[in-house]
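Since the structure comes first, as structure tokens, the remarks are kept for the end.
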Amino acid sequence: QVQLVESGGGLVQPGGSLRLSCAASGFTFSSYAMSWYRQAPGKERELVATITSTNKNTDYADSVKGRFTISRDNAKNTVYLQMNSLKPEDTALYYCKAQRGLRTYWGQGTQVTVSS
């Protein structure tokens, strides 16, 4: 049974930091590219960051470059998103996604709220 379980979300003040985790099970994690997406109320889901299966390449949305860092630990079947200098516009439900070719798995999401 495939599972992607996100954690680490919460309420944080502007300028603060959070670290999201996504624990994977039920598939060969190290063979999948992993991504973080987010969806704010009334907006479409958008790609935040991606990391390849080999851990060699990462890519980020322009809106988070220099503030967010994606990483993965294939030994722990976990992908992370370190979020620094958070802004109110980062408020959203954050999802992780695993993809290999046409095969895609999604987690249920973790809420991040940036507010004073």
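Each chain of the structure tokens is named A, B, ... in the order shown, its residues numbered from 1; ligands are numbered from 1 in display order.
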
Once DSSP has gone over the backbone, tell me which residues of chain A are in helix (DSSP H, G or I), as a short mmCIF file (atom, residue, chain, number, x, y, z; two decimals) with N, CA and C atoms, in the first residue's frame.
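So the final result, stored in states02.cif, reads:
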```cif
data_model
loop_
_atom_site.label_atom_id
_atom_site.label_comp_id
_atom_site.auth_asym_id
_atom_site.auth_seq_id
_atom_site.Cartn_x
_atom_site.Cartn_y
_atom_site.Cartn_z
N PHE A 29 11.16 4.18 -3.15
CA PHE A 29 11.31 5.63 -3.00
C PHE A 29 12.50 6.16 -3.80
N SER A 30 13.62 5.47 -3.75
CA SER A 30 14.85 5.98 -4.37
C SER A 30 14.77 6.06 -5.89
N SER A 31 13.75 5.44 -6.48
CA SER A 31 13.59 5.46 -7.94
C SER A 31 12.67 6.57 -8.43
N PRO A 88 3.47 35.79 4.27
CA PRO A 88 2.04 35.45 4.30
C PRO A 88 1.56 34.77 3.02
N GLU A 89 2.14 35.13 1.90
CA GLU A 89 1.73 34.51 0.64
C GLU A 89 2.19 33.06 0.49
N ASP A 90 2.99 32.58 1.43
CA ASP A 90 3.36 31.16 1.44
C ASP A 90 2.28 30.31 2.11
#
```

- Neighbours of stretch 56-71 of chain A within 9 Å (only C-alpha atoms; same-chain residues fewer than 6 positions away dropped), as a list of chain:residue names? A:Ser35, A:Trp36, A:Glu46, A:Leu47, A:Val48, A:Ala49, A:Thr50, A:Thr78, A:Val79, A:Tyr80, A:Leu81, A:Gln82, A:Met83, A:Asn84, A:Ser85, A:Leu86, A:Asp90

Could you write out that same residue set with N, CA and C atoms as a CSV table (one decimal), in the first residue's frame?
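Output (out_3.csv):
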```
chain,number,residue,atom,x,y,z
A,35,SER,N,8.6,15.8,-5.3
A,35,SER,CA,8.2,17.2,-5.5
A,35,SER,C,7.3,17.7,-4.3
A,36,TRP,N,7.4,19.0,-4.1
A,36,TRP,CA,6.5,19.6,-3.1
A,36,TRP,C,5.6,20.6,-4.0
A,46,GLU,N,0.3,24.6,-7.2
A,46,GLU,CA,1.5,25.0,-8.0
A,46,GLU,C,2.7,24.3,-7.5
A,47,LEU,N,3.6,24.0,-8.4
A,47,LEU,CA,4.8,23.3,-8.0
A,47,LEU,C,5.8,24.3,-7.3
A,48,VAL,N,6.3,23.8,-6.2
A,48,VAL,CA,7.2,24.6,-5.3
A,48,VAL,C,8.6,24.2,-5.6
A,49,ALA,N,8.9,22.8,-5.5
A,49,ALA,CA,10.3,22.4,-5.6
A,49,ALA,C,10.3,20.9,-6.0
A,50,THR,N,11.3,20.5,-6.7
A,50,THR,CA,11.5,19.2,-7.2
A,50,THR,C,12.9,18.7,-7.0
A,78,THR,N,12.4,9.6,2.9
A,78,THR,CA,11.8,10.8,3.3
A,78,THR,C,12.3,12.0,2.5
A,79,VAL,N,11.4,12.9,2.1
A,79,VAL,CA,11.8,14.1,1.4
A,79,VAL,C,11.4,15.3,2.4
A,80,TYR,N,12.2,16.3,2.3
A,80,TYR,CA,12.1,17.5,3.2
A,80,TYR,C,11.9,18.7,2.4
A,81,LEU,N,11.3,19.7,3.0
A,81,LEU,CA,11.3,21.1,2.5
A,81,LEU,C,11.6,22.0,3.6
A,82,GLN,N,12.8,22.6,3.6
A,82,GLN,CA,13.1,23.6,4.6
A,82,GLN,C,12.7,25.0,4.1
A,83,MET,N,11.9,25.6,4.8
A,83,MET,CA,11.3,26.9,4.4
A,83,MET,C,11.7,28.0,5.4
A,84,ASN,N,12.4,28.9,4.8
A,84,ASN,CA,12.9,30.1,5.6
A,84,ASN,C,12.3,31.4,5.1
A,85,SER,N,12.4,32.4,5.9
A,85,SER,CA,12.0,33.7,5.6
A,85,SER,C,10.5,33.7,5.0
A,86,LEU,N,9.7,33.0,5.7
A,86,LEU,CA,8.3,32.7,5.3
A,86,LEU,C,7.5,34.0,5.2
A,90,ASP,N,3.0,32.6,1.4
A,90,ASP,CA,3.4,31.2,1.4
A,90,ASP,C,2.3,30.3,2.1
```

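Distances here use only C-alpha atoms; by that measure, the residue among A:Ala75, A:Phe27, A:Tyr32, A:Ser116 closest to A:Gly101 is A:Tyr32.
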
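In this model, the gap between atom CA of A:Ser115 and atom CA of A:Gln13 comes to 5.0 Å.
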
- Task: Considering only C-alpha atoms, return as a ChimeraX atom specification whatever protein or nucleic-acid residues lie within 6 Å of A:Lys97, sequence-local ones (same chain, fewer than 4 positions apart) excluded.
- Result: /A:34-35,105-106

How about saving the chosen residues, all heavy atoms kept, as a PDB file, in the first residue's frame?
```pdb
ATOM      1  N   MET A  34      10.865  13.415  -6.469  1.00  0.00           N
ATOM      2  CA  MET A  34       9.951  13.891  -5.438  1.00  0.00           C
ATOM      3  C   MET A  34       9.754  15.404  -5.582  1.00  0.00           C
ATOM      4  O   MET A  34      10.690  16.138  -5.904  1.00  0.00           O
ATOM      5  CB  MET A  34      10.496  13.584  -4.045  1.00  0.00           C
ATOM      6  CG  MET A  34      10.655  12.097  -3.752  1.00  0.00           C
ATOM      7  SD  MET A  34       9.111  11.178  -3.830  1.00  0.00           S
ATOM      8  CE  MET A  34       8.162  11.971  -2.516  1.00  0.00           C
ATOM      9  N   SER A  35       8.551  15.815  -5.334  1.00  0.00           N
ATOM     10  CA  SER A  35       8.226  17.238  -5.463  1.00  0.00           C
ATOM     11  C   SER A  35       7.348  17.687  -4.304  1.00  0.00           C
ATOM     12  O   SER A  35       6.642  16.880  -3.699  1.00  0.00           O
ATOM     13  CB  SER A  35       7.465  17.504  -6.766  1.00  0.00           C
ATOM     14  OG  SER A  35       8.206  17.125  -7.893  1.00  0.00           O
ATOM     15  N   TYR A 105       2.157   9.448  -7.268  1.00  0.00           N
ATOM     16  CA  TYR A 105       1.489   9.291  -5.979  1.00  0.00           C
ATOM     17  C   TYR A 105       1.484  10.638  -5.273  1.00  0.00           C
ATOM     18  O   TYR A 105       2.458  11.393  -5.361  1.00  0.00           O
ATOM     19  CB  TYR A 105       2.212   8.275  -5.106  1.00  0.00           C
ATOM     20  CG  TYR A 105       2.407   6.921  -5.735  1.00  0.00           C
ATOM     21  CD1 TYR A 105       3.680   6.401  -5.927  1.00  0.00           C
ATOM     22  CD2 TYR A 105       1.318   6.147  -6.128  1.00  0.00           C
ATOM     23  CE1 TYR A 105       3.876   5.158  -6.500  1.00  0.00           C
ATOM     24  CE2 TYR A 105       1.500   4.906  -6.707  1.00  0.00           C
ATOM     25  CZ  TYR A 105       2.784   4.417  -6.893  1.00  0.00           C
ATOM     26  OH  TYR A 105       2.958   3.184  -7.468  1.00  0.00           O
ATOM     27  N   TRP A 106       0.396  10.908  -4.551  1.00  0.00           N
ATOM     28  CA  TRP A 106       0.242  12.155  -3.806  1.00  0.00           C
ATOM     29  C   TRP A 106      -0.023  11.880  -2.331  1.00  0.00           C
ATOM     30  O   TRP A 106      -0.687  10.890  -1.980  1.00  0.00           O
ATOM     31  CB  TRP A 106      -0.954  12.948  -4.342  1.00  0.00           C
ATOM     32  CG  TRP A 106      -0.758  13.569  -5.678  1.00  0.00           C
ATOM     33  CD1 TRP A 106      -1.054  13.021  -6.892  1.00  0.00           C
ATOM     34  CD2 TRP A 106      -0.231  14.879  -5.946  1.00  0.00           C
ATOM     35  NE1 TRP A 106      -0.740  13.912  -7.892  1.00  0.00           N
ATOM     36  CE2 TRP A 106      -0.238  15.053  -7.344  1.00  0.00           C
ATOM     37  CE3 TRP A 106       0.244  15.916  -5.139  1.00  0.00           C
ATOM     38  CZ2 TRP A 106       0.212  16.229  -7.956  1.00  0.00           C
ATOM     39  CZ3 TRP A 106       0.683  17.078  -5.749  1.00  0.00           C
ATOM     40  CH2 TRP A 106       0.667  17.218  -7.140  1.00  0.00           C
TER      41      TRP A 106
END
```
